[in-house]
Amino acid sequence: MNKTRYPFLQLFLQIVLFSVLFIGYSSGLFVYPIRNATPMLLLPLMITFAMFEEELPSAMVGLIVGVFTDSVSSFGGIFHTVFFMILGMAVSLFIHYFLNNNIRSAFVLVLIGSLLYFLLRWLFCHAFGDTMIGSTVYLMQYAIPSTLYTTVFVFPLYYLQRVLHRFKL
Amino acid sequence: MRFFFRSRQFKIIVAVFVAVLLLSGSTFLFGMKITPQGNLAATIAAPFQTAATKVKTAFSGVIHAYKDGNDLMVENAELEAEIARLHQQQVDYETAIRENEFYKDYLEIKDAHPDFTFTAANLISRDENDPFGGFLINRGSLDDVALHDPVITDEGLVGYISEVSLKTAKVTTVLSADLTFGALDNRTVDAGIISGTLELSNNGLCKFYNLSRSSDVAIGDYVVTSGEGVLPAGLMVGTIESVSNDRYNTSIYANVKPFANLGELRNVMVITAFSGQGDLLGANNE
């Protein structure tokens with residue numbers, strides 16, 4: 001955990017990384033669906049970021065990412081704001097107290113995080129509002145494949161975050 | 001871990017969390033569909049998303065060109081370069097022609113519905129995790145776009161505005177289960193209801209149901225809006241692909257393929273005003 005003042009270059013690079021991924025995600029520039037599986041790129045980015053940060057900055061970055069995601073998501077309200085904020089804090093806590101900071105932990109956290117994300121989307125959007133067939137179709141053809149597809153992105157993003165956290169300029 | 005829950009950090013997080021909940025709660029309590037923080041975020045992100053969408057469009061154009069003519073491109077590289085140069089010279093001319101065509105098609109709709117007022121909009125972002133294909137456009141309340149305004153292309157109905165911020169608006173498509181409206185078979189004038197389902201949206205279809213069993217709807221018939229619901233009458237919706245008996249009652253239903261190509265949308269028109277707009281909502285509120 002880095003308790004010193006946040007290095008300027010590191011802060012700048014993090015803002016660039018989050019902005020580029022958000023714009024790329026929301027415009028579809030970086031998202032290539034495989035059949036119905038569509039990755040939620042901001043999720044592994046948020047989790048890998050929180051793995052190297054303390055709880056408060058993780059929660060605040062989660063809040064900002066969530067607000068921006070809610071502004072483009074057709075699943076309205078403040079779902080992403082609440083989800084990303086709690087996720088950021090929870091990941092930092094887990095790494096602080098229970099898990100080692102390595103690629104295996106990152107993989108497990110992203111897998112669980114994205115499974116939770118798509119299950120909650122299913123629960124709020126389809127489980128009660130859609131027909132039984134419709135909600136099962138979403139779960140089997142959208143939610144689970146998208147969870148697996150999202151998890152793949154943990155590998156480049158974890159190592160990228162690790163490199164970024166070594167900048168001390 | 002209990003030390004963390006007693007720490008100042010945790011108290012700050014809880015305070016911010018409660019503030020966000022209160023702010024959002026009060027927003028929804030006053031009947032607004034978008035939170036102030038969401039409005040601000042959408043306004044900040046909109047120009048960047050527009051730029052990124054343009055990059056994506058240009059990039060996918062290159063990919064398509066490569067896929068379509070891979071062999072020929074290799075064999076005729078010099079020729080292609082020459083054609084590209086000539087194309088480059090004609091870009092302005094072709095753009096002008098395309099824009100003319102684009103507006104001419106809408107002019108025909110405008111002639112048929114003189115009460116319509118249009119606002120042209122570009123798609124700037126898609127919710128890639130929305131199976132119904134919802135998207136964001138670069139027009140908001142500052143451009144007179146309002147909640148429930150219909151969104152169309154020259155081909156037919158696309159959906160309606162489900163959320164509005166100052167400079168952007170979210171569009172819910174006809175494939176979505178959240179959009180339900182009255183429709184007519186244009187040939188037989190049989191009335192029914194159109195809504196989306198997840199199973200059908202997978203195949204780019206929506207459901208035309210509550211049709212009387214004695215109705216004469218047939219494959220290939222055109223479906224138009226009836227004016228019941230938030231949409232005006234006479235908008236082209238799609239063509240009937242199949243007709244089946246409803247399992248749960250005595251009616252029949254049809255699967256409808258929307259005329260608008262929802263996967264390839266770039267430009268749309270928002271109908272910001274039409275006669276009878278708000279009548280149903282006003283009646284519901286009374």
# chains A, B, ... in the order shown; residues from 1 in each chain; ligands from 1

$ interface_residues --of "chain A" --to "chain B" --cutoff "6 Å" --atoms "only C-alpha atoms" --output "PyMOL selection string"
chain A and resi 23+26-27+29+56+67-68+71+73-74+134

$ write_last_selection --atoms "C-alpha atoms" --output "short mmCIF file (atom, residue, chain, number, x, y, z; two decimals), in the first residue's frame"
data_model
loop_
_atom_site.label_atom_id
_atom_site.label_comp_id
_atom_site.auth_asym_id
_atom_site.auth_seq_id
_atom_site.Cartn_x
_atom_site.Cartn_y
_atom_site.Cartn_z
CA ILE A 23 -14.42 6.22 -23.86
CA SER A 26 -18.76 3.35 -24.18
CA SER A 27 -18.19 4.01 -27.88
CA LEU A 29 -14.09 1.06 -29.88
CA LEU A 56 -10.69 5.43 0.54
CA VAL A 67 -21.18 7.86 -12.15
CA PHE A 68 -19.68 7.95 -15.66
CA SER A 71 -24.41 8.17 -17.59
CA SER A 73 -25.65 2.67 -19.42
CA SER A 74 -29.18 1.82 -20.53
CA GLY A 134 -36.14 -14.60 -21.33
#

$ residues_around --residues "Phe83 in chain A" --least-positions-apart "5" --cutoff "9 Å" --atoms "only C-alpha atoms" --output "PyMOL selection string"
chain A and resi 62-63+66+78+88+117

$ write_last_selection --atoms "N, CA and C atoms" --output "short mmCIF file (atom, residue, chain, number, x, y, z; two decimals), in the first residue's frame"
data_model
loop_
_atom_site.label_atom_id
_atom_site.label_comp_id
_atom_site.auth_asym_id
_atom_site.auth_seq_id
_atom_site.Cartn_x
_atom_site.Cartn_y
_atom_site.Cartn_z
N GLY A 62 -14.00 4.38 -7.55
CA GLY A 62 -15.18 3.56 -7.88
C GLY A 62 -16.41 4.43 -8.07
N LEU A 63 -16.56 5.41 -7.21
CA LEU A 63 -17.69 6.35 -7.30
C LEU A 63 -17.67 7.09 -8.64
N GLY A 66 -18.30 4.78 -11.54
CA GLY A 66 -19.71 4.40 -11.52
C GLY A 66 -20.62 5.49 -12.06
N ILE A 78 -28.60 4.47 -10.23
CA ILE A 78 -27.26 4.65 -9.67
C ILE A 78 -26.62 3.29 -9.37
N GLY A 88 -14.76 -1.21 -5.07
CA GLY A 88 -13.42 -0.65 -4.86
C GLY A 88 -12.97 -0.80 -3.42
N TYR A 117 -21.49 -8.76 -10.80
CA TYR A 117 -22.02 -7.64 -11.61
C TYR A 117 -23.11 -8.13 -12.57
#

$ select_by_dssp --residues "chain A" --states "alpha helix (DSSP H)" --output "PyMOL selection string"
chain A and resi 8-27+42-51+55-72+79-97+103-122+132-137+144-152+154-164

$ atom_distance --atom1 "CA of Asp144 in chain B" --atom2 "CA of Thr272 in chain B"
6.6 Å

$ residues_around --residues "range 138-144 of chain A" --least-positions-apart "6" --cutoff "7 Å" --atoms "only C-alpha atoms" --output "ChimeraX atom specification"
/A:36-37,118-119,122

$ atom_distance --atom1 "CA of Glu228 in chain B" --atom2 "CA of Leu179 in chain B"
12.4 Å

$ residues_around --residues "range 160-163 of chain A" --least-positions-apart "3" --cutoff "7 Å" --atoms "only C-alpha atoms" --output "PDB file with N, CA, C and O atoms, in the first residue's frame"
ATOM      1  N   THR A  48      -8.286  -4.184 -10.451  1.00  0.00           N
ATOM      2  CA  THR A  48      -6.819  -4.205 -10.401  1.00  0.00           C
ATOM      3  C   THR A  48      -6.276  -2.900  -9.826  1.00  0.00           C
ATOM      4  O   THR A  48      -5.263  -2.898  -9.127  1.00  0.00           O
ATOM      5  N   PHE A  49      -6.967  -1.788 -10.080  1.00  0.00           N
ATOM      6  CA  PHE A  49      -6.566  -0.508  -9.483  1.00  0.00           C
ATOM      7  C   PHE A  49      -6.686  -0.591  -7.960  1.00  0.00           C
ATOM      8  O   PHE A  49      -5.760  -0.221  -7.212  1.00  0.00           O
ATOM      9  N   PRO A 156      -3.757  -8.477 -18.845  1.00  0.00           N
ATOM     10  CA  PRO A 156      -3.033  -7.255 -19.222  1.00  0.00           C
ATOM     11  C   PRO A 156      -3.215  -6.132 -18.194  1.00  0.00           C
ATOM     12  O   PRO A 156      -2.260  -5.402 -17.908  1.00  0.00           O
ATOM     13  N   LEU A 157      -4.420  -6.010 -17.642  1.00  0.00           N
ATOM     14  CA  LEU A 157      -4.683  -4.862 -16.762  1.00  0.00           C
ATOM     15  C   LEU A 157      -3.970  -4.978 -15.416  1.00  0.00           C
ATOM     16  O   LEU A 157      -3.518  -3.977 -14.861  1.00  0.00           O
ATOM     17  N   ARG A 166       4.640   1.446  -9.949  1.00  0.00           N
ATOM     18  CA  ARG A 166       6.081   1.542  -9.669  1.00  0.00           C
ATOM     19  C   ARG A 166       6.637   2.899 -10.077  1.00  0.00           C
ATOM     20  O   ARG A 166       7.793   3.196  -9.831  1.00  0.00           O
TER      21      ARG A 166
END

$ select_by_dssp --residues "range 137-213 of chain B" --states "strand (DSSP E)" --output "number ranges by chain"
B: 137, 150-152, 157-164, 169-173, 180-185, 191-195, 206-211

$ residues_around --residues "Ser226 in chain B" --least-positions-apart "3" --cutoff "6 Å" --atoms "only C-alpha atoms" --output "MDAnalysis selection string"
chainID B and resid 182:184 233

$ closest_residue --among "A:Asn100, A:Thr147, A:Gln14, A:Thr81" --to "Ala59 in chain A" --atoms "only C-alpha atoms"
A:Thr81

$ closest_residue --among "A:Val65, A:Met51, A:Leu148, A:Leu42" --to "Leu111 in chain A" --atoms "only C-alpha atoms"
A:Leu148

$ residues_around --residues "Tyr158 in chain A" --least-positions-apart "5" --cutoff "10 Å" --atoms "only C-alpha atoms" --output "number ranges by chain"
A: 44-45, 47-49, 51-52, 102-103, 106-107, 153, 163-164

$ residues_around --residues "Phe274 in chain B" --least-positions-apart "6" --cutoff "10 Å" --atoms "only C-alpha atoms" --output "list in words"
His113, Pro114, Asp115, Phe116, Thr117, Phe118, Asp149, Pro150, Leu231, Pro232 and Ala233 of chain B

$ write_last_selection --atoms "N, CA, C and O atoms" --output "mmCIF file, in the first residue's frame"
data_model
loop_
_atom_site.group_PDB
_atom_site.id
_atom_site.type_symbol
_atom_site.label_atom_id
_atom_site.label_comp_id
_atom_site.auth_asym_id
_atom_site.auth_seq_id
_atom_site.Cartn_x
_atom_site.Cartn_y
_atom_site.Cartn_z
ATOM 1 N N HIS B 113 -46.462 13.742 -42.548
ATOM 2 C CA HIS B 113 -46.850 14.138 -41.178
ATOM 3 C C HIS B 113 -46.402 15.584 -40.943
ATOM 4 O O HIS B 113 -45.376 15.821 -40.296
ATOM 5 N N PRO B 114 -47.145 16.533 -41.438
ATOM 6 C CA PRO B 114 -46.694 17.930 -41.302
ATOM 7 C C PRO B 114 -46.590 18.405 -39.859
ATOM 8 O O PRO B 114 -45.948 19.428 -39.585
ATOM 9 N N ASP B 115 -47.234 17.687 -38.957
ATOM 10 C CA ASP B 115 -47.197 18.102 -37.542
ATOM 11 C C ASP B 115 -45.894 17.701 -36.854
ATOM 12 O O ASP B 115 -45.612 18.144 -35.744
ATOM 13 N N PHE B 116 -45.059 16.876 -37.513
ATOM 14 C CA PHE B 116 -43.816 16.421 -36.882
ATOM 15 C C PHE B 116 -42.754 17.527 -36.878
ATOM 16 O O PHE B 116 -42.577 18.227 -37.862
ATOM 17 N N THR B 117 -42.038 17.638 -35.770
ATOM 18 C CA THR B 117 -40.843 18.489 -35.723
ATOM 19 C C THR B 117 -39.647 17.587 -35.438
ATOM 20 O O THR B 117 -39.683 16.809 -34.495
ATOM 21 N N PHE B 118 -38.613 17.694 -36.275
ATOM 22 C CA PHE B 118 -37.466 16.784 -36.154
ATOM 23 C C PHE B 118 -36.240 17.460 -35.547
ATOM 24 O O PHE B 118 -36.044 18.661 -35.700
ATOM 25 N N ASP B 149 -39.832 11.022 -26.406
ATOM 26 C CA ASP B 149 -39.868 11.434 -27.814
ATOM 27 C C ASP B 149 -39.530 10.224 -28.691
ATOM 28 O O ASP B 149 -38.575 9.493 -28.398
ATOM 29 N N PRO B 150 -40.267 10.034 -29.796
ATOM 30 C CA PRO B 150 -39.944 8.901 -30.691
ATOM 31 C C PRO B 150 -38.635 9.146 -31.442
ATOM 32 O O PRO B 150 -38.309 10.294 -31.757
ATOM 33 N N LEU B 231 -46.245 6.964 -28.813
ATOM 34 C CA LEU B 231 -45.784 7.208 -30.178
ATOM 35 C C LEU B 231 -46.925 7.710 -31.064
ATOM 36 O O LEU B 231 -48.076 7.317 -30.869
ATOM 37 N N PRO B 232 -46.605 8.551 -32.064
ATOM 38 C CA PRO B 232 -47.657 9.021 -32.969
ATOM 39 C C PRO B 232 -48.099 7.912 -33.919
ATOM 40 O O PRO B 232 -47.374 6.928 -34.119
ATOM 41 N N ALA B 233 -49.269 8.082 -34.535
ATOM 42 C CA ALA B 233 -49.774 7.080 -35.471
ATOM 43 C C ALA B 233 -49.014 7.168 -36.786
ATOM 44 O O ALA B 233 -48.506 8.224 -37.163
#

$ closest_residue --among "B:Val230, B:Ser275, B:Leu211, B:Lys257" --to "Ser244 in chain B" --atoms "only C-alpha atoms"
B:Leu211

$ atom_distance --atom1 "CA of Ser212 in chain B" --atom2 "CA of Val237 in chain B"
19.6 Å

$ decode --residues "range 24-35 of chain A" --atoms "all heavy atoms" --output "PDB file, in the first residue's frame"
ATOM      1  N   GLY A  24     -13.375   4.236 -24.826  1.00  0.00           N
ATOM      2  CA  GLY A  24     -13.312   3.082 -25.729  1.00  0.00           C
ATOM      3  C   GLY A  24     -14.424   2.098 -25.480  1.00  0.00           C
ATOM      4  O   GLY A  24     -15.017   1.549 -26.406  1.00  0.00           O
ATOM      5  N   TYR A  25     -14.755   1.908 -24.197  1.00  0.00           N
ATOM      6  CA  TYR A  25     -15.830   0.976 -23.840  1.00  0.00           C
ATOM      7  C   TYR A  25     -17.182   1.528 -24.271  1.00  0.00           C
ATOM      8  O   TYR A  25     -17.985   0.856 -24.917  1.00  0.00           O
ATOM      9  CB  TYR A  25     -15.809   0.717 -22.332  1.00  0.00           C
ATOM     10  CG  TYR A  25     -17.064   0.036 -21.831  1.00  0.00           C
ATOM     11  CD1 TYR A  25     -17.270  -1.320 -22.070  1.00  0.00           C
ATOM     12  CD2 TYR A  25     -18.038   0.749 -21.155  1.00  0.00           C
ATOM     13  CE1 TYR A  25     -18.428  -1.946 -21.637  1.00  0.00           C
ATOM     14  CE2 TYR A  25     -19.198   0.130 -20.716  1.00  0.00           C
ATOM     15  CZ  TYR A  25     -19.384  -1.212 -20.955  1.00  0.00           C
ATOM     16  OH  TYR A  25     -20.549  -1.829 -20.537  1.00  0.00           O
ATOM     17  N   SER A  26     -17.435   2.801 -23.932  1.00  0.00           N
ATOM     18  CA  SER A  26     -18.764   3.354 -24.179  1.00  0.00           C
ATOM     19  C   SER A  26     -19.025   3.616 -25.656  1.00  0.00           C
ATOM     20  O   SER A  26     -20.165   3.637 -26.085  1.00  0.00           O
ATOM     21  CB  SER A  26     -18.976   4.638 -23.373  1.00  0.00           C
ATOM     22  OG  SER A  26     -18.051   5.606 -23.783  1.00  0.00           O
ATOM     23  N   SER A  27     -17.972   3.801 -26.450  1.00  0.00           N
ATOM     24  CA  SER A  27     -18.186   4.014 -27.884  1.00  0.00           C
ATOM     25  C   SER A  27     -18.076   2.703 -28.652  1.00  0.00           C
ATOM     26  O   SER A  27     -18.304   2.669 -29.854  1.00  0.00           O
ATOM     27  CB  SER A  27     -17.164   5.007 -28.422  1.00  0.00           C
ATOM     28  OG  SER A  27     -15.875   4.468 -28.273  1.00  0.00           O
ATOM     29  N   GLY A  28     -17.713   1.625 -27.957  1.00  0.00           N
ATOM     30  CA  GLY A  28     -17.595   0.330 -28.612  1.00  0.00           C
ATOM     31  C   GLY A  28     -16.268   0.152 -29.343  1.00  0.00           C
ATOM     32  O   GLY A  28     -16.062  -0.832 -30.036  1.00  0.00           O
ATOM     33  N   LEU A  29     -15.358   1.110 -29.165  1.00  0.00           N
ATOM     34  CA  LEU A  29     -14.088   1.060 -29.881  1.00  0.00           C
ATOM     35  C   LEU A  29     -13.237  -0.142 -29.454  1.00  0.00           C
ATOM     36  O   LEU A  29     -12.599  -0.793 -30.269  1.00  0.00           O
ATOM     37  CB  LEU A  29     -13.327   2.370 -29.617  1.00  0.00           C
ATOM     38  CG  LEU A  29     -12.153   2.713 -30.503  1.00  0.00           C
ATOM     39  CD1 LEU A  29     -12.595   2.843 -31.959  1.00  0.00           C
ATOM     40  CD2 LEU A  29     -11.514   4.014 -30.053  1.00  0.00           C
ATOM     41  N   PHE A  30     -13.227  -0.439 -28.158  1.00  0.00           N
ATOM     42  CA  PHE A  30     -12.399  -1.540 -27.643  1.00  0.00           C
ATOM     43  C   PHE A  30     -13.203  -2.796 -27.351  1.00  0.00           C
ATOM     44  O   PHE A  30     -12.698  -3.728 -26.750  1.00  0.00           O
ATOM     45  CB  PHE A  30     -11.708  -1.129 -26.331  1.00  0.00           C
ATOM     46  CG  PHE A  30     -10.779   0.035 -26.462  1.00  0.00           C
ATOM     47  CD1 PHE A  30     -10.494   0.831 -25.371  1.00  0.00           C
ATOM     48  CD2 PHE A  30     -10.181   0.333 -27.670  1.00  0.00           C
ATOM     49  CE1 PHE A  30      -9.637   1.907 -25.476  1.00  0.00           C
ATOM     50  CE2 PHE A  30      -9.325   1.406 -27.792  1.00  0.00           C
ATOM     51  CZ  PHE A  30      -9.052   2.200 -26.699  1.00  0.00           C
ATOM     52  N   VAL A  31     -14.475  -2.783 -27.696  1.00  0.00           N
ATOM     53  CA  VAL A  31     -15.323  -3.915 -27.302  1.00  0.00           C
ATOM     54  C   VAL A  31     -15.687  -4.729 -28.532  1.00  0.00           C
ATOM     55  O   VAL A  31     -16.356  -4.236 -29.437  1.00  0.00           O
ATOM     56  CB  VAL A  31     -16.603  -3.406 -26.602  1.00  0.00           C
ATOM     57  CG1 VAL A  31     -17.474  -4.568 -26.187  1.00  0.00           C
ATOM     58  CG2 VAL A  31     -16.235  -2.588 -25.376  1.00  0.00           C
ATOM     59  N   TYR A  32     -15.229  -5.951 -28.571  1.00  0.00           N
ATOM     60  CA  TYR A  32     -15.559  -6.832 -29.676  1.00  0.00           C
ATOM     61  C   TYR A  32     -16.343  -8.024 -29.136  1.00  0.00           C
ATOM     62  O   TYR A  32     -15.766  -8.947 -28.582  1.00  0.00           O
ATOM     63  CB  TYR A  32     -14.297  -7.272 -30.422  1.00  0.00           C
ATOM     64  CG  TYR A  32     -13.666  -6.101 -31.117  1.00  0.00           C
ATOM     65  CD1 TYR A  32     -12.650  -5.370 -30.505  1.00  0.00           C
ATOM     66  CD2 TYR A  32     -14.157  -5.663 -32.341  1.00  0.00           C
ATOM     67  CE1 TYR A  32     -12.116  -4.245 -31.114  1.00  0.00           C
ATOM     68  CE2 TYR A  32     -13.635  -4.543 -32.955  1.00  0.00           C
ATOM     69  CZ  TYR A  32     -12.608  -3.846 -32.339  1.00  0.00           C
ATOM     70  OH  TYR A  32     -12.097  -2.734 -32.936  1.00  0.00           O
ATOM     71  N   PRO A  33     -17.685  -7.986 -29.284  1.00  0.00           N
ATOM     72  CA  PRO A  33     -18.490  -9.081 -28.751  1.00  0.00           C
ATOM     73  C   PRO A  33     -18.181 -10.395 -29.457  1.00  0.00           C
ATOM     74  O   PRO A  33     -17.969 -10.417 -30.668  1.00  0.00           O
ATOM     75  CB  PRO A  33     -19.928  -8.643 -29.052  1.00  0.00           C
ATOM     76  CG  PRO A  33     -19.863  -7.205 -29.380  1.00  0.00           C
ATOM     77  CD  PRO A  33     -18.508  -6.963 -29.937  1.00  0.00           C
ATOM     78  N   ILE A  34     -18.112 -11.482 -28.671  1.00  0.00           N
ATOM     79  CA  ILE A  34     -17.999 -12.817 -29.252  1.00  0.00           C
ATOM     80  C   ILE A  34     -19.370 -13.440 -29.059  1.00  0.00           C
ATOM     81  O   ILE A  34     -19.752 -13.750 -27.927  1.00  0.00           O
ATOM     82  CB  ILE A  34     -16.909 -13.653 -28.559  1.00  0.00           C
ATOM     83  CG1 ILE A  34     -15.564 -12.949 -28.705  1.00  0.00           C
ATOM     84  CG2 ILE A  34     -16.847 -15.056 -29.148  1.00  0.00           C
ATOM     85  CD1 ILE A  34     -14.420 -13.621 -27.968  1.00  0.00           C
ATOM     86  N   ARG A  35     -20.118 -13.578 -30.125  1.00  0.00           N
ATOM     87  CA  ARG A  35     -21.560 -13.925 -30.070  1.00  0.00           C
ATOM     88  C   ARG A  35     -22.254 -12.939 -29.122  1.00  0.00           C
ATOM     89  O   ARG A  35     -22.220 -11.752 -29.384  1.00  0.00           O
ATOM     90  CB  ARG A  35     -21.735 -15.392 -29.663  1.00  0.00           C
ATOM     91  CG  ARG A  35     -21.218 -16.353 -30.752  1.00  0.00           C
ATOM     92  CD  ARG A  35     -21.341 -17.784 -30.330  1.00  0.00           C
ATOM     93  NE  ARG A  35     -22.727 -18.202 -30.203  1.00  0.00           N
ATOM     94  CZ  ARG A  35     -23.445 -18.683 -31.193  1.00  0.00           C
ATOM     95  NH1 ARG A  35     -22.936 -18.800 -32.396  1.00  0.00           N
ATOM     96  NH2 ARG A  35     -24.695 -19.065 -31.010  1.00  0.00           N
TER      97      ARG A  35
END
